[in-house]
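Reviewing the structure listed below.
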Amino acid sequence: MFSSVAHLARANPFNAPHLQLVHDGLSGPRSSPAPPRRSRHLAAAAVEEQYSCEYGSGRFFLLCGLGGIISCGTTHTALVPLDLIKCRMQVDPQKYKGIFNGFSITLKEDGVRGLAKGWAPTLIGYSMQGLCKFGFYEVFKALYSNILGEENTYLWRTSLYLASSASAEFFADIALAPMEAAKVRIQTQPGYANTLREAVPKMYKEEGLNAFYKGVAPLWMRQIPYTMMKFACFERTVEALYKFVVPKPRSECTKAEQLVVTFVAGYIAGVFCAIVSHPADSVVSVLNKEKGSTASQVLQRLGFRGVWKGLFARIIMIGTLTALQWFIYDSVKVYFRLPRPPPPEMPESLKKKLGLTE
């Protein structure tokens, strides 16, 4: 599979430095076996950096998946206390009336250790989700880009980001669902279970496999819009920052400067992610706590105002989470010397069609 994807990805307009060369008007004849000429900036960058693998290769996709494991697993686990309070505010809003009130009640009832409830299913579940989310995103982006062709990839790049991220998240949520169900039970049902080893056999005995996958449809409702916003908004924000905010081209920025842009774009994307996915997140939290309920029943009972409970906590959590995930993911790419294509530029052929060049 990876070998075929690698073959398709070589023609992908996201494959740096070809796209930038086309933008500079320096690409040679396609039939020539000689390496293409490089602009001054790209030539300098090539001297400084040697990639460890080719864009679109099997190694590239596997290391992107590893980056997803590290970025999602660590960040979600670090934010377990805030996630616990957010879930309890959604499930029992009468008792947990706000973030600080929720922390105060939890510390009083469970102590400091109570804030770490659900860390194990969080670490396992979101590591698996990160593997699929980031790894498959790169796979689908390369495949869909090849189907569209160079010009349409540029013109429809937002749709490309949306389709690629939605496809990746579909599989990521199947990997996440069992651990998410166990996490919510541990965090929101006092006395049910204190550890993952206690929760899993108890859930299976009560409801069978359905206990682990009954929340997958609401997860898709929550996570697919979230991930579509996370990737599309991030990609377009990076593009806008380099175009309108950063005072020099990306090729002239240091790695540290590029990672700062990544963090800022990630936080902006995270705020929008939290808003679009919050109603479904509320449904998932209540659904995984209650036996025999369906998503439609929970949604009807919560009502419009109920599904927005805990939004402020989620914005803080998801904004920080998304920024850190993109920062860590990009840092992993830097560490392993993976290709990191620049923001897309309009292909020279499209400029000619639009009369923007002679």
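Order determines the names: the first chain of the structure tokens is A, the second B, and so forth; residues in each chain are numbered 1 upward, and ligands are numbered 1 upward as they are shown.
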Open item on the list: Going by DSSP on the backbone, which residues of segment 172-358 of chain A come out as helix (DSSP H, G or I)? List them as an NGL selection string.
Closed with: :A and (172-188 or 196-207 or 210-213 or 216-245 or 250-252 or 255-289 or 295-306 or 311-335 or 348-353)
Open item on the list: Taking 5 positions as the minimum chain separation for residues in the same chain, which residues sit within 7 Å of Thr227 of chain A when counting only C-alpha atoms? Answer as a list in words.
Closed with: Ser165, Ala166 and Glu169 of chain A
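With only C-alpha atoms as the atoms that count, the residue of A:Ser104, A:Thr262, A:Thr122, A:Gln300 with the shortest distance to Leu176 of chain A is A:Thr122.
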Open item on the list: Give me, as a PyMOL selection string, all polymer residues having an atom no more than 8 Å from segment 84-101 of chain A, counting only C-alpha atoms and skipping those fewer than 6 positions away in the same chain.
Closed with: chain A and resi 115+117+184+187-188+282+285-286+289+306-307+309-310+313-314
Task: Residue among A:Gly118, A:Pro218, A:Gly130, A:Pro279 lying closest to Ala199 of chain A, counting only C-alpha atoms - done: A:Gly118
Task: Polymer residues at most 12 Å from Ile316 of chain A, only C-alpha atoms, same-chain spacing of 2 or more positions, as a list in words - done: Leu79, Leu82, Asp83, Lys86, Ile99, Tyr267, Ile268, Gly270, Val271, Phe272, Cys273, Ala274, Ile275, Gly310, Leu311, Phe312, Ala313, Arg314, Ile318, Gly319, Thr320, Leu321, Thr322 and Ala323 of chain A
Those same residues, written as a compact mmCIF listing (two decimals), in the first residue's frame with N, CA, C and O atoms?
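Dumped everything to selection-v7.txt:
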# COMPACT_ATOMS: atom_id res chain seq x y z
N LEU A 79 -3.74 16.85 29.94
CA LEU A 79 -4.93 17.66 30.23
C LEU A 79 -6.08 16.84 30.83
O LEU A 79 -7.22 17.28 30.82
N LEU A 82 -8.41 18.71 33.46
CA LEU A 82 -9.36 19.64 32.86
C LEU A 82 -10.46 18.88 32.12
O LEU A 82 -11.64 19.25 32.15
N ASP A 83 -10.07 17.80 31.44
CA ASP A 83 -11.05 16.98 30.73
C ASP A 83 -12.03 16.35 31.71
O ASP A 83 -13.24 16.26 31.43
N LYS A 86 -14.50 18.99 32.80
CA LYS A 86 -15.40 19.29 31.67
C LYS A 86 -16.46 18.22 31.52
O LYS A 86 -17.65 18.53 31.33
N ILE A 99 -15.67 25.69 36.15
CA ILE A 99 -14.36 25.04 36.19
C ILE A 99 -13.79 25.03 37.60
O ILE A 99 -13.40 23.99 38.14
N TYR A 267 -3.27 27.17 17.64
CA TYR A 267 -4.17 27.69 18.67
C TYR A 267 -5.41 28.31 18.04
O TYR A 267 -6.54 28.13 18.52
N ILE A 268 -5.21 29.06 16.96
CA ILE A 268 -6.35 29.66 16.26
C ILE A 268 -7.29 28.57 15.77
O ILE A 268 -8.52 28.65 15.93
N GLY A 270 -7.60 25.62 17.02
CA GLY A 270 -8.18 24.94 18.18
C GLY A 270 -9.42 25.61 18.72
O GLY A 270 -10.36 24.93 19.16
N VAL A 271 -9.46 26.93 18.70
CA VAL A 271 -10.64 27.65 19.19
C VAL A 271 -11.86 27.31 18.34
O VAL A 271 -12.95 27.02 18.86
N PHE A 272 -11.69 27.31 17.02
CA PHE A 272 -12.80 26.95 16.14
C PHE A 272 -13.18 25.48 16.28
O PHE A 272 -14.37 25.12 16.22
N CYS A 273 -12.19 24.64 16.50
CA CYS A 273 -12.45 23.21 16.70
C CYS A 273 -13.36 22.98 17.91
O CYS A 273 -14.30 22.18 17.85
N ALA A 274 -13.07 23.67 19.00
CA ALA A 274 -13.84 23.50 20.23
C ALA A 274 -15.30 23.87 20.02
O ALA A 274 -16.21 23.18 20.50
N ILE A 275 -15.54 24.94 19.30
CA ILE A 275 -16.90 25.43 19.10
C ILE A 275 -17.72 24.46 18.24
O ILE A 275 -18.84 24.10 18.59
N GLY A 310 -20.15 23.83 29.61
CA GLY A 310 -18.73 23.50 29.63
C GLY A 310 -17.95 23.98 28.43
O GLY A 310 -16.80 23.57 28.23
N LEU A 311 -18.55 24.86 27.59
CA LEU A 311 -17.87 25.32 26.38
C LEU A 311 -16.59 26.10 26.69
O LEU A 311 -15.57 25.91 26.03
N PHE A 312 -16.63 26.96 27.71
CA PHE A 312 -15.45 27.76 28.03
C PHE A 312 -14.26 26.87 28.41
O PHE A 312 -13.14 27.08 27.96
N ALA A 313 -14.55 25.85 29.24
CA ALA A 313 -13.49 24.91 29.62
C ALA A 313 -12.95 24.18 28.40
O ALA A 313 -11.74 23.94 28.28
N ARG A 314 -13.85 23.84 27.48
CA ARG A 314 -13.42 23.11 26.28
C ARG A 314 -12.59 24.01 25.36
O ARG A 314 -11.64 23.54 24.74
N ILE A 318 -9.12 22.71 24.34
CA ILE A 318 -8.88 22.35 22.94
C ILE A 318 -7.95 23.34 22.26
O ILE A 318 -7.14 22.96 21.41
N GLY A 319 -8.05 24.63 22.60
CA GLY A 319 -7.13 25.60 22.02
C GLY A 319 -5.69 25.27 22.36
O GLY A 319 -4.82 25.21 21.49
N THR A 320 -5.45 25.03 23.65
CA THR A 320 -4.11 24.66 24.10
C THR A 320 -3.68 23.32 23.52
O THR A 320 -2.55 23.15 23.04
N LEU A 321 -4.62 22.37 23.54
CA LEU A 321 -4.35 21.02 23.04
C LEU A 321 -3.94 21.03 21.57
O LEU A 321 -2.92 20.44 21.18
N THR A 322 -4.72 21.72 20.76
CA THR A 322 -4.47 21.73 19.32
C THR A 322 -3.15 22.43 18.99
O THR A 322 -2.38 21.95 18.14
N ALA A 323 -2.88 23.54 19.68
CA ALA A 323 -1.62 24.25 19.45
C ALA A 323 -0.43 23.36 19.80
O ALA A 323 0.55 23.27 19.04
